[in-house]
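Coordinates as given in data.pdb (PDB, C-alpha atoms):
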ATOM      1  CA  MET A  28      15.847 -19.861   6.924
ATOM      2  CA  ASN A  29      12.305 -21.160   6.642
ATOM      3  CA  ILE A  30      10.211 -18.934   4.347
ATOM      4  CA  VAL A  31       7.447 -18.635   6.967
ATOM      5  CA  TRP A  32       9.859 -17.167   9.537
ATOM      6  CA  LYS A  33      11.397 -14.903   6.916
ATOM      7  CA  LEU A  34       7.903 -13.623   6.028
ATOM      8  CA  PHE A  35       7.224 -12.997   9.710
ATOM      9  CA  GLY A  36      10.482 -11.046  10.112
ATOM     10  CA  VAL A  37       9.992  -8.922   7.005
ATOM     11  CA  PHE A  38       6.399  -8.039   7.872
ATOM     12  CA  LEU A  39       7.309  -7.433  11.510
ATOM     13  CA  LYS A  40       9.748  -4.796  10.256
ATOM     14  CA  ILE A  41       7.126  -3.400   7.884
ATOM     15  CA  GLY A  42       4.593  -3.278  10.718
ATOM     16  CA  LEU A  43       7.091  -1.489  12.934
ATOM     17  CA  LEU A  44       7.788   1.130  10.268
ATOM     18  CA  SER A  45       4.231   1.575   8.999
ATOM     19  CA  ILE A  46       3.675   5.006  10.508
ATOM     20  CA  GLY A  47       1.168   6.832   8.364
ATOM     21  CA  GLY A  48      -1.026   3.932   7.345
ATOM     22  CA  GLY A  49      -1.319   1.565   4.429
ATOM     23  CA  TYR A  50      -0.716   3.898   1.496
ATOM     24  CA  ALA A  51       2.357   5.365   3.137
ATOM     25  CA  ILE A  52       3.917   1.920   3.581
ATOM     26  CA  ILE A  53       3.396   0.648   0.013
ATOM     27  CA  PRO A  54       6.905   1.687  -1.140
ATOM     28  CA  LEU A  55       8.511  -0.219   1.779
ATOM     29  CA  ILE A  56       6.425  -3.328   1.127
ATOM     30  CA  GLN A  57       7.360  -3.166  -2.548
ATOM     31  CA  GLU A  58      11.041  -2.758  -1.700
ATOM     32  CA  GLN A  59      10.969  -5.762   0.638
ATOM     33  CA  VAL A  60       8.859  -8.253  -1.322
ATOM     34  CA  VAL A  61       9.658  -7.301  -4.927
ATOM     35  CA  ASP A  62      13.109  -5.693  -4.954
ATOM     36  CA  GLN A  63      15.041  -7.281  -2.072
ATOM     37  CA  ASN A  64      13.530 -10.739  -1.636
ATOM     38  CA  ASN A  65      12.184 -11.269  -5.178
ATOM     39  CA  TRP A  66       9.188 -13.138  -3.784
ATOM     40  CA  ILE A  67       6.774 -11.683  -6.353
ATOM     41  CA  SER A  68       6.979  -9.635  -9.535
ATOM     42  CA  GLY A  69       6.114  -5.954  -9.833
ATOM     43  CA  LYS A  70       3.000  -6.895 -11.825
ATOM     44  CA  MET A  71       1.860  -9.333  -9.133
ATOM     45  CA  PHE A  72       2.519  -6.635  -6.498
ATOM     46  CA  THR A  73       0.274  -4.214  -8.400
ATOM     47  CA  ASP A  74      -2.439  -6.881  -8.577
ATOM     48  CA  ILE A  75      -2.110  -7.577  -4.840
ATOM     49  CA  ILE A  76      -2.381  -3.847  -4.034
ATOM     50  CA  THR A  77      -5.502  -3.625  -6.203
ATOM     51  CA  ILE A  78      -7.120  -6.621  -4.507
ATOM     52  CA  SER A  79      -6.061  -5.321  -1.074
ATOM     53  CA  GLN A  80      -7.821  -2.031  -1.745
ATOM     54  CA  MET A  81     -11.046  -3.784  -2.680
ATOM     55  CA  THR A  82     -11.178  -6.116   0.321
ATOM     56  CA  PRO A  83     -12.309  -4.968   3.763
ATOM     57  CA  GLY A  84      -9.589  -4.094   6.247
ATOM     58  CA  PRO A  85      -6.386  -2.084   6.402
ATOM     59  CA  LEU A  86      -4.351  -2.004   3.194
ATOM     60  CA  ALA A  87      -1.045  -3.047   4.794
ATOM     61  CA  VAL A  88      -2.656  -5.992   6.594
ATOM     62  CA  ASN A  89      -4.490  -7.159   3.471
ATOM     63  CA  THR A  90      -1.311  -6.820   1.412
ATOM     64  CA  SER A  91       0.718  -8.791   3.954
ATOM     65  CA  THR A  92      -1.917 -11.526   3.961
ATOM     66  CA  PHE A  93      -1.996 -11.804   0.168
ATOM     67  CA  VAL A  94       1.798 -11.718  -0.176
ATOM     68  CA  GLY A  95       2.140 -14.323   2.588
ATOM     69  CA  LEU A  96      -0.436 -16.525   0.865
ATOM     70  CA  GLN A  97       1.353 -16.219  -2.465
ATOM     71  CA  VAL A  98       4.797 -16.950  -1.004
ATOM     72  CA  GLY A  99       4.106 -19.408   1.809
ATOM     73  CA  GLY A 100       0.514 -20.622   1.522
ATOM     74  CA  ILE A 101      -1.813 -20.478   4.520
ATOM     75  CA  PRO A 102       1.030 -20.578   7.107
ATOM     76  CA  GLY A 103       2.745 -17.747   5.207
ATOM     77  CA  ALA A 104      -0.448 -15.676   5.173
ATOM     78  CA  LEU A 105      -0.959 -16.150   8.911
ATOM     79  CA  THR A 106       2.619 -15.313   9.891
ATOM     80  CA  ALA A 107       2.908 -12.340   7.521
ATOM     81  CA  THR A 108      -0.349 -10.921   8.887
ATOM     82  CA  LEU A 109       0.714 -11.506  12.499
ATOM     83  CA  GLY A 110       4.087  -9.881  11.809
ATOM     84  CA  CYS A 111       2.394  -6.877  10.213
ATOM     85  CA  ILE A 112      -0.006  -6.200  13.098
ATOM     86  CA  LEU A 113       2.041  -7.212  16.148
ATOM     87  CA  CYS A 114       4.146  -4.042  16.437
ATOM     88  CA  GLY A 115       1.130  -1.840  15.763
ATOM     89  CA  VAL A 116      -0.853  -3.415  18.578
ATOM     90  CA  ILE A 117       2.021  -3.128  21.047
ATOM     91  CA  LEU A 118       2.857   0.455  19.996
ATOM     92  CA  SER A 119      -0.798   1.508  20.114
ATOM     93  CA  LEU A 120      -1.160   0.264  23.669
ATOM     94  CA  ALA A 121       2.074   1.977  24.727
ATOM     95  CA  LEU A 122       1.175   5.252  22.977
ATOM     96  CA  TYR A 123      -2.293   5.247  24.489
ATOM     97  CA  ARG A 124      -0.742   5.027  27.938
ATOM     98  CA  PHE A 125       1.810   7.755  27.069
ATOM     99  CA  PHE A 126      -0.811  10.180  25.701
ATOM    100  CA  GLN A 127      -3.066   9.641  28.682
ATOM    101  CA  THR A 128      -0.170  10.743  30.872
ATOM    102  CA  HIS A 129       1.022  13.679  28.678
ATOM    103  CA  GLN A 130      -2.168  14.857  26.969
ATOM    104  CA  SER A 131      -1.646  18.555  27.764
ATOM    105  CA  SER A 132       2.013  18.812  26.677
ATOM    106  CA  ALA A 133       2.806  21.346  23.916
ATOM    107  CA  TYR A 134       5.893  19.303  22.949
ATOM    108  CA  VAL A 135       3.836  16.193  22.318
ATOM    109  CA  SER A 136       1.453  18.251  20.183
ATOM    110  CA  GLU A 137       4.339  19.545  18.035
ATOM    111  CA  VAL A 138       5.765  16.047  17.580
ATOM    112  CA  LEU A 139       2.359  14.904  16.320
ATOM    113  CA  ASN A 140       2.269  17.802  13.838
ATOM    114  CA  GLY A 141       5.664  16.700  12.493
ATOM    115  CA  LEU A 142       4.465  13.117  12.139
ATOM    116  CA  LYS A 143       1.408  14.297  10.189
ATOM    117  CA  SER A 144       3.675  16.085   7.706
ATOM    118  CA  ALA A 145       5.925  13.056   7.290
ATOM    119  CA  SER A 146       2.876  10.825   6.766
ATOM    120  CA  LEU A 147       1.611  13.122   4.023
ATOM    121  CA  GLY A 148       4.945  12.848   2.222
ATOM    122  CA  LEU A 149       4.850   9.049   2.465
ATOM    123  CA  ILE A 150       1.284   8.956   1.125
ATOM    124  CA  ILE A 151       2.277  11.136  -1.851
ATOM    125  CA  SER A 152       5.221   8.808  -2.498
ATOM    126  CA  ALA A 153       2.862   5.809  -2.437
ATOM    127  CA  ALA A 154       0.498   7.542  -4.871
ATOM    128  CA  PHE A 155       3.361   8.090  -7.320
ATOM    129  CA  THR A 156       4.484   4.470  -6.890
ATOM    130  CA  ILE A 157       0.989   3.168  -7.696
ATOM    131  CA  LEU A 158       0.669   5.541 -10.649
ATOM    132  CA  LEU A 159       4.039   4.496 -12.074
ATOM    133  CA  LEU A 160       3.220   0.806 -11.593
ATOM    134  CA  ALA A 161      -0.063   1.292 -13.434
ATOM    135  CA  LEU A 162       1.384   3.368 -16.270
ATOM    136  CA  TYR A 163       4.767   1.670 -16.757
ATOM    137  CA  GLY A 164       4.306  -1.778 -15.205
ATOM    138  CA  SER A 165       7.232  -1.039 -12.872
ATOM    139  CA  SER A 166       8.259   1.635 -10.403
ATOM    140  CA  GLY A 167       9.402   3.957 -13.192
ATOM    141  CA  PRO A 168      10.065   4.383 -16.907
ATOM    142  CA  GLU A 169      13.584   2.903 -16.436
ATOM    143  CA  GLY A 170      15.162   5.143 -19.033
ATOM    144  CA  ASN A 171      12.430   4.591 -21.634
ATOM    145  CA  ILE A 172       9.717   7.180 -21.278
ATOM    146  CA  PHE A 173       8.015   5.715 -24.363
ATOM    147  CA  SER A 174       7.133   2.495 -22.515
ATOM    148  CA  LEU A 175       4.095   4.326 -21.143
ATOM    149  CA  ASN A 176       0.905   2.235 -21.222
ATOM    150  CA  ARG A 177      -1.369   4.638 -23.095
ATOM    151  CA  THR A 178      -4.482   2.543 -22.416
ATOM    152  CA  ALA A 179      -3.834   2.707 -18.670
ATOM    153  CA  LEU A 180      -3.243   6.471 -18.921
ATOM    154  CA  LEU A 181      -6.501   7.036 -20.816
ATOM    155  CA  LEU A 182      -8.408   4.847 -18.345
ATOM    156  CA  PHE A 183      -6.864   6.747 -15.425
ATOM    157  CA  LEU A 184      -7.743  10.142 -16.932
ATOM    158  CA  ALA A 185     -11.295   9.011 -17.782
ATOM    159  CA  MET A 186     -11.917   7.749 -14.232
ATOM    160  CA  LEU A 187     -10.394  10.916 -12.761
ATOM    161  CA  LEU A 188     -12.688  13.014 -14.959
ATOM    162  CA  LEU A 189     -15.737  10.958 -13.942
ATOM    163  CA  LEU A 190     -14.797  11.267 -10.297
ATOM    164  CA  ARG A 191     -14.242  15.027 -10.393
ATOM    165  CA  LYS A 192     -16.996  16.121 -12.839
ATOM    166  CA  ARG A 193     -19.763  13.551 -12.289
ATOM    167  CA  LYS A 194     -18.919  12.855  -8.630
ATOM    168  CA  LEU A 195     -19.518   9.135  -9.158
ATOM    169  CA  ASN A 196     -19.190   6.800  -6.217
ATOM    170  CA  PRO A 197     -15.629   5.369  -6.059
ATOM    171  CA  VAL A 198     -17.028   1.822  -5.888
ATOM    172  CA  VAL A 199     -18.856   2.418  -9.178
ATOM    173  CA  LEU A 200     -15.629   3.778 -10.690
ATOM    174  CA  MET A 201     -13.741   0.676  -9.541
ATOM    175  CA  LEU A 202     -16.376  -1.561 -11.154
ATOM    176  CA  ILE A 203     -16.202   0.417 -14.404
ATOM    177  CA  SER A 204     -12.391   0.275 -14.302
ATOM    178  CA  GLY A 205     -12.405  -3.465 -13.638
ATOM    179  CA  ILE A 206     -14.785  -4.194 -16.500
ATOM    180  CA  THR A 207     -12.836  -1.912 -18.834
ATOM    181  CA  GLY A 208      -9.592  -3.604 -17.729
ATOM    182  CA  LEU A 209     -11.098  -6.997 -18.576
ATOM    183  CA  LEU A 210     -11.959  -5.757 -22.062
ATOM    184  CA  PHE A 211      -8.561  -4.156 -22.796
ATOM    185  CA  TYR A 212      -6.139  -6.458 -20.993
ATOM    186  CA  GLN A 213      -7.527  -9.905 -21.651
TER     187      GLN A 213
END

Rewrite the structure from the file as structure tokens, please.
Amino acid sequence: MNIVWKLFGVFLKIGLLSIGGGYAIIPLIQEQVVDQNNWISGKMFTDIITISQMTPGPLAVNTSTFVGLQVGGIPGALTATLGCILCGVILSLALYRFFQTHQSSAYVSEVLNGLKSASLGLIISAAFTILLLALYGSSGPEGNIFSLNRTALLLFLAMLLLLRKRKLNPVVLMLISGITGLLFYQ
């Protein structure tokens, strides 16, 4: 199968299942592009997530664009992005129509409360995935807890402390982290 069509199919599925937003879908994207299809490495995935967070736009769309570009060039980027957004556009239009019709239903309200809870769980899972990728270079210690990247841990704790105690702007923290990363990881 042509890689461009495979990218479209994978990101169409990701787009269909991306309830909860970009951070909630990171584990599924990682599973598809790193674990199942072996298109990119875990390290490259971490780099793509980092770049996707710094560029304007939704995280899942940016990630699909960067993965598509890496795997299939410009055609890959276009088809991966289209696949990622197509289901969301169609579902949004259908849900808008549904909620306009059933806006006063108590059942619909309870379903939405359940979806909020599930989204929170997915976001927490994504946070742990990103943290493990940053601290171990993979999605976990893989039996060796001593493979922890102490520099990454210290940088994480320092930025967390600056964020909580000094209330620095997150953009400033990202710049500090990037410069520090250049110094330590070059």

| message | Just the number, please: distance in Å from atom CA of A:Ser45 to atom CA of A:Leu190, one decimal. | response |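 Interatomic distance, atom CA of A:Ser45 to atom CA of A:Leu190: 28.8 Å.
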
| message | Nearest residue to A:Trp32 out of A:Ala153, A:Ala161, A:Ala104, A:Cys114, using all atoms listed in the file? | response |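 Nearest candidate to A:Trp32 out of A:Ala153, A:Ala161, A:Ala104, A:Cys114: A:Ala104.
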
| message | I need the output of the PyMOL selection byres ((chain A and resi 176) around 9) for this file as a list in words; which residues are they? | response |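 This file gives the following for the PyMOL selection byres ((chain A and resi 176) around 9): Ala161, Leu162, Tyr163, Gly164, Phe173, Ser174, Leu175, Arg177, Thr178, Ala179, Leu180 and Leu181 of chain A.
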
| task | Please check which residues have atoms at most 12 Å from (-8.1, -1.6, -2.2) in the file's coordinates, counting only C-alpha atoms, and write them as a ChimeraX atom specification. | result | /A:49-50,53,73-90,157,197-198,201

| Near A:Thr106, within 9 Å and counting only C-alpha atoms, which residues show up once chain neighbours fewer than 2 positions away are dropped, as a list in words? | Val31, Trp32, Leu34, Phe35, Gly36, Phe38, Thr92, Gly95, Ile101, Pro102, Gly103, Ala104, Thr108, Leu109, Gly110 and Cys111 of chain A

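What separates atom CA of A:Leu210 from atom CA of A:Leu182 is a distance of 11.8 Å.
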
| task | Kindly give the distance, in Å, that separates atom CA of A:Leu202 and atom CA of A:Ala185, rounded to a single decimal. | result | 13.5 Å

| task | Given the file shown, determine the residues that the PyMOL selection byres ((chain A and resi 140-148) around 10) selects; report them as a list of chain:residue names. | result |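 When the PyMOL selection byres ((chain A and resi 140-148) around 10) is applied to the shown file, the picked residues are A:Ser45, A:Ile46, A:Gly47, A:Gly48, A:Tyr50, A:Ala51, A:Ile52, A:Tyr134, A:Val135, A:Ser136, A:Glu137, A:Val138, A:Leu139, A:Leu149, A:Ile150, A:Ile151, A:Ser152, A:Ala153, A:Ala154.
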
| Counting all atoms listed in the file, the option among A:Leu160, A:Gly100, A:Ile117, A:Gln57 closest to A:Lys70 |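 Selected residue with least distance to A:Lys70: A:Leu160.
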
Could you give me the centre and size, in Å to one decimal, of an axis-aligned box around all listed atoms of stretch 204-207 of chain A with 8 Å added on every side, as JSON?
{"center_x": -13.6, "center_y": -2.0, "center_z": -16.2, "size_x": 18.4, "size_y": 20.5, "size_z": 21.2}

For the structure provided, state which residues fall under the PyMOL selection byres ((chain A and resi 64) around 12), and present them as an mmCIF file with C-alpha atoms, in the frame of the given file.
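Written file, result-v3.cif:
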data_model
loop_
_atom_site.group_PDB
_atom_site.id
_atom_site.type_symbol
_atom_site.label_atom_id
_atom_site.label_comp_id
_atom_site.auth_asym_id
_atom_site.auth_seq_id
_atom_site.Cartn_x
_atom_site.Cartn_y
_atom_site.Cartn_z
ATOM 1 C CA ILE A 30 10.211 -18.934 4.347
ATOM 2 C CA LYS A 33 11.397 -14.903 6.916
ATOM 3 C CA LEU A 34 7.903 -13.623 6.028
ATOM 4 C CA VAL A 37 9.992 -8.922 7.005
ATOM 5 C CA ILE A 56 6.425 -3.328 1.127
ATOM 6 C CA GLN A 57 7.360 -3.166 -2.548
ATOM 7 C CA GLU A 58 11.041 -2.758 -1.700
ATOM 8 C CA GLN A 59 10.969 -5.762 0.638
ATOM 9 C CA VAL A 60 8.859 -8.253 -1.322
ATOM 10 C CA VAL A 61 9.658 -7.301 -4.927
ATOM 11 C CA ASP A 62 13.109 -5.693 -4.954
ATOM 12 C CA GLN A 63 15.041 -7.281 -2.072
ATOM 13 C CA ASN A 65 12.184 -11.269 -5.178
ATOM 14 C CA TRP A 66 9.188 -13.138 -3.784
ATOM 15 C CA ILE A 67 6.774 -11.683 -6.353
ATOM 16 C CA SER A 68 6.979 -9.635 -9.535
ATOM 17 C CA VAL A 94 1.798 -11.718 -0.176
ATOM 18 C CA VAL A 98 4.797 -16.950 -1.004
#

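Among A:Leu39, A:Phe211, A:Met71, A:Asn196, the residue with the shortest atom-to-atom distance to A:Val116, counting all atoms listed in the file, is A:Leu39.
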